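Student: So here's my_file.cif (mmCIF, C-alpha atoms).
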data_run
#
loop_
_atom_site.label_atom_id
_atom_site.label_comp_id
_atom_site.auth_asym_id
_atom_site.auth_seq_id
_atom_site.Cartn_x
_atom_site.Cartn_y
_atom_site.Cartn_z
CA MET A 1 0.00 0.00 0.00
CA ALA A 2 1.29 3.45 -0.95
CA HIS A 3 2.53 5.86 1.69
CA VAL A 4 2.46 9.65 1.80
CA ASP A 5 5.85 10.78 0.55
CA ARG A 6 5.29 14.54 0.49
CA VAL A 7 2.65 17.04 1.60
CA LEU A 8 2.76 20.60 0.31
CA ILE A 9 0.38 23.08 1.92
CA ARG A 10 -0.09 26.61 0.67
CA LEU A 11 -2.22 29.49 1.88
CA LEU A 12 -3.43 31.62 -1.01
CA ARG A 13 -5.02 35.04 -1.28
CA VAL A 14 -7.19 34.69 -4.40
CA GLU A 15 -8.37 38.10 -5.59
CA LEU A 16 -11.90 38.42 -6.94
CA ALA A 17 -12.84 40.06 -10.21
CA GLN A 18 -15.32 42.27 -8.32
CA PRO A 19 -16.44 42.59 -4.70
CA TYR A 20 -18.78 39.79 -3.61
CA LYS A 21 -21.53 41.40 -1.55
CA LEU A 22 -23.08 39.46 1.33
CA SER A 23 -25.32 40.73 4.10
CA PHE A 24 -22.56 40.14 6.68
CA ALA A 25 -19.50 41.12 4.62
CA THR A 26 -18.14 42.33 1.30
CA VAL A 27 -15.54 39.82 0.12
CA LEU A 28 -12.61 41.09 -1.95
CA ALA A 29 -10.53 37.89 -2.01
CA PHE A 30 -10.73 34.23 -1.03
CA ASP A 31 -8.40 32.89 1.67
CA THR A 32 -7.76 29.41 0.33
CA LEU A 33 -5.83 26.45 1.72
CA LEU A 34 -4.34 24.42 -1.13
CA VAL A 35 -3.17 20.88 -0.34
CA GLU A 36 -1.00 18.82 -2.68
CA LEU A 37 -0.17 15.21 -1.86
CA LEU A 38 2.44 12.97 -3.48
CA LEU A 39 2.38 9.27 -2.63
CA ASP A 40 5.40 6.99 -3.02
CA ASP A 41 3.73 5.14 -5.91
CA GLY A 42 3.74 8.37 -7.93
CA THR A 43 0.07 9.25 -7.57
CA LYS A 44 -0.90 12.83 -6.75
CA GLY A 45 -3.92 14.57 -5.32
CA LEU A 46 -5.15 18.12 -4.83
CA GLY A 47 -7.60 19.51 -2.32
CA GLU A 48 -8.72 22.94 -1.19
CA ALA A 49 -10.65 24.77 1.49
CA THR A 50 -11.64 28.42 1.31
CA ILE A 51 -12.14 29.95 4.75
CA LEU A 52 -14.76 32.67 5.20
CA THR A 53 -15.98 33.61 8.66
CA GLY A 54 -19.76 33.29 8.55
CA TYR A 55 -19.58 30.19 6.39
CA THR A 56 -17.38 28.31 8.86
CA ASP A 57 -16.34 28.67 12.48
CA GLU A 58 -12.73 28.12 11.42
CA THR A 59 -10.54 31.18 11.06
CA VAL A 60 -7.75 31.49 8.51
CA GLY A 61 -5.15 31.28 11.27
CA GLU A 62 -6.74 28.21 12.83
CA CYS A 63 -6.97 26.58 9.41
CA TRP A 64 -3.27 27.13 8.71
CA ARG A 65 -2.16 25.84 12.10
CA ALA A 66 -4.39 22.78 11.74
CA ALA A 67 -3.06 22.16 8.23
CA GLN A 68 0.51 22.20 9.54
CA ASP A 69 -0.39 19.72 12.28
CA ILE A 70 -2.29 17.43 9.92
CA ALA A 71 0.49 17.46 7.33
CA ALA A 72 3.05 16.52 9.96
CA GLN A 73 0.83 13.71 11.22
CA ILE A 74 0.03 12.09 7.86
CA ARG A 75 3.44 12.13 6.16
CA GLY A 76 4.73 8.59 5.87
CA LYS A 77 1.29 7.14 6.57
CA THR A 78 -0.83 4.97 4.31
CA ALA A 79 -4.03 6.45 2.94
CA ARG A 80 -6.04 4.35 5.40
CA GLU A 81 -3.95 5.51 8.35
CA ALA A 82 -4.22 9.11 7.18
CA THR A 83 -7.99 8.83 6.84
CA ASP A 84 -8.24 7.74 10.46
CA ILE A 85 -6.19 10.78 11.46
CA LEU A 86 -8.38 13.12 9.40
CA THR A 87 -11.58 11.71 10.89
CA ALA A 88 -10.48 13.01 14.29
CA TRP A 89 -10.05 16.51 12.84
CA ILE A 90 -13.44 16.82 11.15
CA PRO A 91 -15.51 17.89 14.21
CA SER A 92 -13.24 20.87 14.97
CA ASN A 93 -11.82 21.70 11.53
CA PRO A 94 -14.10 20.27 8.81
CA PHE A 95 -12.99 22.63 6.05
CA THR A 96 -9.30 22.00 6.69
CA ALA A 97 -9.78 18.24 7.00
CA THR A 98 -11.78 18.17 3.76
CA ALA A 99 -8.90 19.74 1.82
CA PHE A 100 -6.74 16.76 2.83
CA GLY A 101 -9.48 14.15 2.54
CA THR A 102 -10.40 15.11 -1.00
CA ALA A 103 -6.73 15.24 -2.02
CA PHE A 104 -6.46 11.60 -0.96
CA GLU A 105 -9.63 10.77 -2.91
CA MET A 106 -8.26 12.41 -6.04
CA ALA A 107 -4.99 10.48 -5.66
CA ALA A 108 -7.03 7.27 -5.31
CA ASP A 109 -9.03 8.03 -8.48
CA HIS A 110 -12.33 8.24 -6.61
CA PRO A 111 -15.24 7.06 -8.82
CA ALA A 112 -17.12 10.32 -8.24
CA LEU A 113 -14.41 12.19 -10.16
CA ARG A 114 -14.64 9.97 -13.25
CA VAL A 115 -17.59 11.74 -14.86
CA VAL A 116 -18.29 13.52 -18.12
CA GLY A 117 -21.08 16.01 -18.61
CA ASN A 118 -22.51 19.49 -18.27
CA VAL A 119 -23.63 20.71 -14.85
CA PRO A 120 -26.02 23.69 -14.74
CA ILE A 121 -25.12 26.29 -12.14
CA LEU A 122 -26.69 29.54 -11.06
CA GLY A 123 -25.56 33.03 -11.89
CA VAL A 124 -25.28 35.65 -9.16
CA ILE A 125 -26.82 39.10 -9.46
CA ASN A 126 -24.18 41.13 -7.68
CA THR A 127 -25.45 44.68 -7.97
CA LEU A 128 -27.57 46.28 -5.26
CA GLU A 129 -28.53 49.21 -7.50
CA GLU A 130 -31.89 48.85 -9.25
CA LYS A 131 -30.75 50.96 -12.21
CA LYS A 132 -28.05 48.37 -12.95
CA LEU A 133 -30.26 45.32 -12.54
CA ALA A 134 -31.57 45.16 -16.10
CA SER A 135 -28.15 45.01 -17.73
CA GLU A 136 -26.83 42.45 -15.24
CA VAL A 137 -29.87 40.18 -15.51
CA GLU A 138 -29.81 40.44 -19.29
CA ALA A 139 -26.13 39.49 -19.39
CA LEU A 140 -26.69 36.45 -17.17
CA MET A 141 -29.62 35.24 -19.24
CA LYS A 142 -27.65 35.77 -22.44
CA ALA A 143 -24.89 33.60 -20.97
CA GLY A 144 -27.43 30.81 -20.58
CA PHE A 145 -28.14 30.84 -16.84
CA LYS A 146 -31.63 29.56 -16.03
CA THR A 147 -31.34 30.16 -12.28
CA LEU A 148 -30.19 33.44 -10.75
CA LYS A 149 -29.39 34.34 -7.17
CA VAL A 150 -30.51 37.58 -5.54
CA LYS A 151 -28.78 38.57 -2.29
CA VAL A 152 -30.93 40.18 0.43
CA GLY A 153 -30.67 40.52 4.20
CA TRP A 154 -30.03 44.24 4.56
CA GLU A 155 -33.39 46.07 4.86
CA VAL A 156 -36.73 44.42 4.21
CA ASP A 157 -38.45 47.03 2.03
CA PRO A 158 -35.50 47.88 -0.27
CA ASP A 159 -34.74 44.16 -0.56
CA LEU A 160 -38.34 43.39 -1.53
CA ALA A 161 -38.27 46.21 -4.06
CA ARG A 162 -35.07 44.86 -5.64
CA VAL A 163 -36.49 41.33 -5.81
CA GLY A 164 -39.67 42.73 -7.34
CA ALA A 165 -37.66 44.54 -9.98
CA VAL A 166 -35.89 41.29 -10.89
CA GLN A 167 -39.22 39.46 -11.06
CA GLN A 168 -40.50 42.05 -13.52
CA LEU A 169 -37.41 41.59 -15.66
CA LEU A 170 -38.00 37.83 -15.73
CA ALA A 171 -41.68 38.05 -16.67
CA GLY A 172 -42.39 35.83 -19.67
CA THR A 173 -39.13 33.88 -19.32
CA ASP A 174 -38.34 30.43 -17.93
CA VAL A 175 -35.65 31.82 -15.62
CA ASN A 176 -36.12 31.56 -11.84
CA ILE A 177 -34.42 33.10 -8.82
CA ARG A 178 -33.09 31.93 -5.50
CA ILE A 179 -33.15 34.58 -2.78
CA ASP A 180 -30.42 34.41 -0.15
CA ALA A 181 -30.31 36.46 3.06
CA ASN A 182 -27.10 34.89 4.43
CA GLN A 183 -28.49 35.17 8.01
CA GLY A 184 -28.94 38.94 7.60
CA PHE A 185 -32.49 39.36 8.92
CA SER A 186 -33.68 39.61 12.50
CA PRO A 187 -36.40 37.06 13.35
CA GLU A 188 -39.11 39.69 12.89
CA ASP A 189 -37.73 40.95 9.58
CA GLY A 190 -37.17 37.41 8.31
CA VAL A 191 -40.83 36.55 8.88
CA ARG A 192 -42.02 39.83 7.36
CA PHE A 193 -39.84 39.38 4.29
CA ALA A 194 -41.01 35.77 3.80
CA ARG A 195 -44.67 36.71 4.25
CA SER A 196 -44.41 39.66 1.85
CA LEU A 197 -42.42 37.89 -0.87
CA SER A 198 -44.28 37.25 -4.11
CA PRO A 199 -43.72 33.68 -5.36
CA ASP A 200 -43.38 34.76 -9.00
CA HIS A 201 -40.25 33.15 -10.48
CA VAL A 202 -38.99 32.29 -6.97
CA GLU A 203 -37.49 28.82 -6.60
CA LEU A 204 -36.60 29.26 -2.92
CA PHE A 205 -35.72 31.64 -0.09
CA GLU A 206 -32.50 30.82 1.74
CA GLN A 207 -31.27 31.30 5.32
CA ALA A 208 -33.22 34.29 6.56
CA CYS A 209 -31.86 34.41 10.11
CA ASP A 210 -28.94 33.41 12.31
CA ALA A 211 -27.64 29.90 11.74
CA ASP A 212 -28.28 28.85 15.33
CA ASP A 213 -31.79 30.28 15.53
CA TRP A 214 -33.88 27.24 14.70
CA GLU A 215 -37.05 28.74 16.17
CA SER A 216 -36.86 31.57 13.66
CA ALA A 217 -36.14 29.13 10.85
CA VAL A 218 -39.40 27.35 11.61
CA ALA A 219 -41.28 30.65 11.87
CA VAL A 220 -39.95 31.84 8.50
CA LYS A 221 -40.91 28.56 6.84
CA ASN A 222 -44.43 28.76 8.28
CA ALA A 223 -44.82 32.34 7.06
CA ALA A 224 -43.44 31.83 3.55
CA ARG A 225 -45.30 31.21 0.32
CA VAL A 226 -42.16 29.80 -1.31
CA PRO A 227 -39.91 26.84 -0.45
CA ILE A 228 -37.33 27.52 2.27
CA MET A 229 -33.71 26.38 2.19
CA LEU A 230 -31.20 26.34 5.05
CA ASP A 231 -27.49 26.81 4.36
CA GLU A 232 -25.39 28.19 7.21
CA SER A 233 -27.59 26.27 9.67
CA ILE A 234 -26.43 23.05 8.01
CA TYR A 235 -22.91 22.35 9.24
CA ASP A 236 -23.01 18.56 9.52
CA MET A 237 -25.45 15.68 9.16
CA ALA A 238 -26.84 16.22 12.66
CA ASP A 239 -28.11 19.58 11.39
CA VAL A 240 -29.76 17.92 8.39
CA GLU A 241 -31.53 15.53 10.76
CA ARG A 242 -32.61 18.44 12.93
CA ALA A 243 -33.97 20.41 9.97
CA ALA A 244 -36.10 17.42 9.00
CA LYS A 245 -37.31 16.75 12.55
CA LEU A 246 -38.33 20.38 13.10
CA GLN A 247 -39.72 20.72 9.56
CA ALA A 248 -37.62 23.88 9.35
CA ALA A 249 -36.87 23.66 5.63
CA ASN A 250 -37.98 22.20 2.34
CA LEU A 251 -34.40 22.13 1.06
CA VAL A 252 -30.92 22.08 2.54
CA LYS A 253 -27.65 23.28 1.05
CA LEU A 254 -24.86 20.74 1.18
CA LYS A 255 -21.21 21.70 0.70
CA LEU A 256 -18.28 19.37 0.26
CA MET A 257 -16.11 21.55 2.53
CA LYS A 258 -18.30 20.80 5.55
CA LEU A 259 -18.38 17.03 5.20
CA GLY A 260 -14.80 15.81 5.04
CA SER A 261 -14.83 13.81 1.81
CA LEU A 262 -16.60 13.04 -1.45
CA THR A 263 -17.81 9.75 0.00
CA SER A 264 -19.39 11.57 2.96
CA LEU A 265 -21.03 14.04 0.58
CA GLU A 266 -22.59 11.21 -1.42
CA ARG A 267 -23.93 9.66 1.78
CA ALA A 268 -25.33 13.03 2.88
CA LEU A 269 -27.19 13.41 -0.40
CA SER A 270 -28.77 10.00 0.00
CA ARG A 271 -29.76 10.64 3.61
CA THR A 272 -31.24 14.06 2.78
CA LYS A 273 -33.45 12.45 0.13
CA ALA A 274 -34.52 9.73 2.56
CA LEU A 275 -35.57 12.42 5.04
CA GLY A 276 -37.91 13.90 2.43
CA MET A 277 -35.93 17.04 1.69
CA GLN A 278 -34.34 18.26 -1.52
CA ALA A 279 -30.61 18.93 -1.48
CA VAL A 280 -28.91 21.75 -3.34
CA LEU A 281 -25.19 21.29 -3.82
CA GLY A 282 -22.42 23.81 -4.20
CA ASN A 283 -20.17 26.35 -2.60
CA GLY A 284 -20.03 29.87 -4.00
CA VAL A 285 -16.92 30.53 -1.92
CA ALA A 286 -14.46 28.02 -3.37
CA THR A 287 -11.89 27.96 -6.15
CA GLU A 288 -11.72 25.66 -9.17
CA ILE A 289 -10.69 22.44 -7.39
CA GLY A 290 -13.58 22.48 -4.93
CA CYS A 291 -16.04 23.58 -7.61
CA TRP A 292 -14.89 20.79 -9.95
CA MET A 293 -15.30 18.13 -7.28
CA GLU A 294 -18.80 19.30 -6.37
CA ALA A 295 -19.75 19.51 -10.05
CA CYS A 296 -18.62 15.90 -10.55
CA VAL A 297 -20.96 14.75 -7.78
CA ALA A 298 -23.82 16.93 -9.05
CA ALA A 299 -23.44 15.54 -12.59
CA VAL A 300 -24.59 12.16 -11.29
CA ARG A 301 -26.69 12.94 -8.22
CA LEU A 302 -28.42 16.28 -9.00
CA ARG A 303 -28.59 16.64 -12.76
CA ASP A 304 -31.80 18.69 -12.75
CA VAL A 305 -30.98 21.03 -9.85
CA ALA A 306 -28.79 24.04 -10.60
CA GLY A 307 -25.62 23.83 -8.57
CA GLU A 308 -24.10 26.66 -6.58
CA MET A 309 -20.46 25.70 -7.19
CA ASN A 310 -19.75 29.00 -8.93
CA GLY A 311 -16.93 30.40 -6.78
CA PHE A 312 -14.45 29.92 -9.62
CA LEU A 313 -16.37 32.47 -11.68
CA LYS A 314 -15.61 35.10 -9.06
CA GLN A 315 -11.82 34.70 -9.31
CA LYS A 316 -9.81 37.41 -11.03
CA ILE A 317 -7.15 34.92 -12.18
CA PRO A 318 -7.50 31.10 -12.44
CA THR A 319 -5.27 28.86 -10.34
CA LEU A 320 -5.26 26.17 -13.04
CA LYS A 321 -3.54 25.66 -16.38
CA ASN A 322 -6.78 24.07 -17.56
CA PRO A 323 -9.48 26.24 -15.94
CA LEU A 324 -13.06 25.07 -15.69
CA THR A 325 -15.10 26.16 -18.67
CA ILE A 326 -18.73 27.12 -18.77
CA GLN A 327 -21.17 26.93 -21.66
CA LYS A 328 -24.81 27.99 -21.65
CA GLY A 329 -24.79 28.40 -17.89
CA ALA A 330 -23.26 24.98 -17.21
CA ILE A 331 -19.84 23.71 -16.11
CA VAL A 332 -18.38 21.47 -18.80
CA ILE A 333 -16.54 18.38 -17.52
CA PRO A 334 -14.62 16.78 -20.41
CA ASN A 335 -13.63 13.15 -20.56
CA GLY A 336 -10.56 12.49 -18.42
CA TYR A 337 -10.43 15.98 -16.95
CA LEU A 338 -8.10 16.50 -13.99
CA PRO A 339 -7.07 19.93 -12.68
CA GLU A 340 -3.47 21.03 -13.26
CA LEU A 341 -2.06 23.85 -11.17
CA ASP A 342 -0.72 26.96 -12.84
CA GLU A 343 2.35 27.24 -10.64
CA LYS A 344 3.15 30.80 -11.73
CA ALA A 345 -0.36 32.01 -10.89
CA VAL A 346 -0.38 30.12 -7.59
CA ALA A 347 3.01 31.56 -6.63
CA ALA A 348 1.67 35.08 -7.18
CA MET A 349 -1.26 34.35 -4.82
CA GLN A 350 0.80 32.59 -2.17
CA VAL A 351 0.84 34.00 1.37
CA SER A 352 2.48 31.05 3.14
CA SER A 353 3.73 27.58 2.24
CA GLU A 354 5.28 24.59 3.96
CA SER A 355 6.42 21.20 2.71
CA PHE A 356 6.47 18.00 4.75
CA HIS A 357 8.60 15.09 3.50
CA ARG A 358 8.59 11.49 4.62
CA SER A 359 12.40 11.55 4.50
CA ASN A 360 12.46 14.30 7.13
CA MET A 361 10.58 12.28 9.72
CA ARG A 362 12.38 11.54 12.93
CA ALA A 363 13.33 7.92 13.36
#
Can the structure in the file be given as structure tokens, please?
Tutor:
Amino acid sequence: MAHVDRVLIRLLRVELAQPYKLSFATVLAFDTLLVELLLDDGTKGLGEATILTGYTDETVGECWRAAQDIAAQIRGKTAREATDILTAWIPSNPFTATAFGTAFEMAADHPALRVVGNVPILGVINTLEEKKLASEVEALMKAGFKTLKVKVGWEVDPDLARVGAVQQLLAGTDVNIRIDANQGFSPEDGVRFARSLSPDHVELFEQACDADDWESAVAVKNAARVPIMLDESIYDMADVERAAKLQAANLVKLKLMKLGSLTSLERALSRTKALGMQAVLGNGVATEIGCWMEACVAAVRLRDVAGEMNGFLKQKIPTLKNPLTIQKGAIVIPNGYLPELDEKAVAAMQVSSESFHRSNMRA
């Protein structure tokens, strides 16, 4: 059985093409952990985790320190031994552990990554100015996106007005919207927004209130005339079970970065379906490697549900020699595709790096 010969970890600052506006922050760049594994049989694997406070409890500093510890622990180990080590890290550092876990799965040629196909994803309406909405919506529809995301969570009435303006622009089309508050509303405002929202062209309303406020999640769902999805409230499978038990959502957002591995993600999709809820897959705050992996799973498991693995579209510069391509609003996965790092681009983004070699282990 192959052993880990080398682990290279890098912390990147990935600049965005334009500010990404959320109710709790305006994001100018992704802070991304990049993991590269080399096994002594010559196989290689890549994994990533992008750390954004509000999406994860992990901080960038905690992620980097955990990555250093994990890398030191797994060098020289077999993949099975390393997996046991990573399992212990998932409860406290799921994003960091996932970067390593998925790198091992890529090195092992995981079946989920052997797919070919087109995966529809959503396009994000980034502007908050109504006068700019028409041109942005038109551009997204022209690019082939059939599902658009509208960010809300600031003030109820202006948010409703902006959503209404988008709905008018979509009249007579087959394009729908997902509305995402990113926890921005108070319980009272979340209920008022949900109750006031017209269902025209609305596929779902996402995460109105604080992730830990399950009482408000239930209240928003009971007030809404559209399906409700939870995202930040869903951090592990226990949260999926809780959402089903409380009937707090019609849909849940699943993200590879929260679950540790591709295998765990596939299990989570199956369990979510068994609980009677629809899963939506994808992380809008991830670079190409994470987006590719999620798209591979979606190509088989969620063919008819637009994915949210669109973080790579936000990057100013790709990290890959062979960047993901998109056609008619869908990620294109060619036969035999595997990501190849653009070392020059990665070097320009690099904040920190450290290499761990099996040969440097103490006897």
Student: Evaluated on this file, the PyMOL selection byres ((chain A and resi 191) around 10) picks out some residues - which ones are they, written as a list in words?
Tutor: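 That selection, the PyMOL selection byres ((chain A and resi 191) around 10), comes back as Phe185, Ser186, Pro187, Glu188, Asp189, Gly190, Arg192, Phe193, Ala194, Arg195, Ser196, Leu197, Ala208, Cys209, Ser216, Ala217, Val218, Ala219, Val220, Lys221, Asn222, Ala223 and Ala224 of chain A.
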Student: For Asp200 of chain A, please output as number ranges by chain all residues within 12 Å (counting only C-alpha atoms; exclusion window: fewer than 5 positions along the same chain).
Tutor: A: 163-179, 225-226
Student: Enumerate, as a list in words, the protein, DNA and RNA residues whose atoms approach (-4.0, 15.7, 1.9) to within 7 Å, taking into account all atoms listed in the file and the coordinate frame of the file.
Tutor: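 Within 7 Å of (-4.0, 15.7, 1.9), the protein and nucleic acid residues are Val7, Val35, Glu36, Leu37, Gly47, Ala99, Phe100, Gly101, Ala103 and Phe104 of chain A.
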Student: Select, counting only C-alpha atoms, all protein, DNA and RNA residues no farther than 7 Å from (-32.2, 22.1, 2.4) in file coordinates, and express the selection as number ranges by chain.
Tutor: A: 229-231, 249-253, 277-280
Student: Take atom CA of Ala299 of chain A and atom CA of Asp180 of chain A and report the distance between them in Å, one decimal.
Tutor: 23.7 Å
Student: Would you kindly translate the PyMOL selection byres ((chain A and resi 12-16) around 6) into the concrete residues it picks from this file, as a tab-separated table (two decimals) with C-alpha atoms, in the coordinates of the input?
Tutor:
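For reference, result29.tsv as written:
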chain	number	residue	atom	x	y	z
A	11	LEU	CA	-2.22	29.49	1.88
A	17	ALA	CA	-12.84	40.06	-10.21
A	18	GLN	CA	-15.32	42.27	-8.32
A	28	LEU	CA	-12.61	41.09	-1.95
A	29	ALA	CA	-10.53	37.89	-2.01
A	30	PHE	CA	-10.73	34.23	-1.03
A	31	ASP	CA	-8.40	32.89	1.67
A	32	THR	CA	-7.76	29.41	0.33
A	314	LYS	CA	-15.61	35.10	-9.06
A	315	GLN	CA	-11.82	34.70	-9.31
A	316	LYS	CA	-9.81	37.41	-11.03
A	349	MET	CA	-1.26	34.35	-4.82
A	350	GLN	CA	0.80	32.59	-2.17
A	351	VAL	CA	0.84	34.00	1.37
Student: Specify as a list of chain:residue names each residue included when the PyMOL selection byres ((chain A and resi 83-95) around 6) is applied to this file.
Tutor: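 Output from the PyMOL selection byres ((chain A and resi 83-95) around 6), applied to this file: A:Ala49, A:Arg80, A:Glu81, A:Ala82, A:Thr96, A:Ala97, A:Thr98, A:Met257, A:Lys258, A:Gly260.
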Student: Create the file for the chosen residues now, containing C-alpha atoms and written as a compact mmCIF listing (two decimals), in the frame of the given file.
Tutor:
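Saved file part-v1.txt follows:
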# COMPACT_ATOMS: atom_id res chain seq x y z
CA ALA A 49 -10.65 24.77 1.49
CA ARG A 80 -6.04 4.35 5.40
CA GLU A 81 -3.95 5.51 8.35
CA ALA A 82 -4.22 9.11 7.18
CA THR A 96 -9.30 22.00 6.69
CA ALA A 97 -9.78 18.24 7.00
CA THR A 98 -11.78 18.17 3.76
CA MET A 257 -16.11 21.55 2.53
CA LYS A 258 -18.30 20.80 5.55
CA GLY A 260 -14.80 15.81 5.04
Student: Atom CA of Leu33 of chain A and atom CA of Val346 of chain A are how many Å apart?
Tutor: 11.4 Å
Student: So what do you get for atom CA of Ile228 of chain A versus atom CA of Glu288 of chain A, distance-wise?
Tutor: 28.1 Å
Student: Using all atoms listed in the file, can you tell me which of A:Ile331, A:Leu113, A:Gly336, A:Leu275 comes closest to Val297 of chain A?
Tutor: A:Leu113
Student: Calculated over all atoms listed in the file, which of the candidates A:Glu294, A:Glu48, A:Asp5, A:Glu215 has the smallest distance to Val119 of chain A?
Tutor: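 Closest to Val119 of chain A of all the choices is A:Glu294.
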Student: Restricting the calculation to all atoms listed in the file, which member of A:Asn118, A:Ser353, A:Ser23, A:Ser264 is positioned closest to Trp154 of chain A?
Tutor: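 For Trp154 of chain A, the nearest of the candidates is A:Ser23.
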Student: Of the candidates A:Ile121, A:Ala67, A:Ala306, A:Leu160, which one gets nearest to Thr325 of chain A if we count only C-alpha atoms?
Tutor: A:Ile121
Student: For Pro19 of chain A, which residue out of A:Ala72, A:Asp342, A:Val116, A:Leu128 is the nearest one, using only C-alpha atoms?
Tutor: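 Residue with the minimum atom-to-atom distance to Pro19 of chain A: A:Leu128.
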Student: Choose the residue, out of A:Met141, A:Val202, A:Ile326, A:Ala112, that has the smallest atom-to-atom separation from Thr263 of chain A; count only C-alpha atoms.
Tutor: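 When distances to Thr263 of chain A are compared using only C-alpha atoms, the smallest one comes from A:Ala112.
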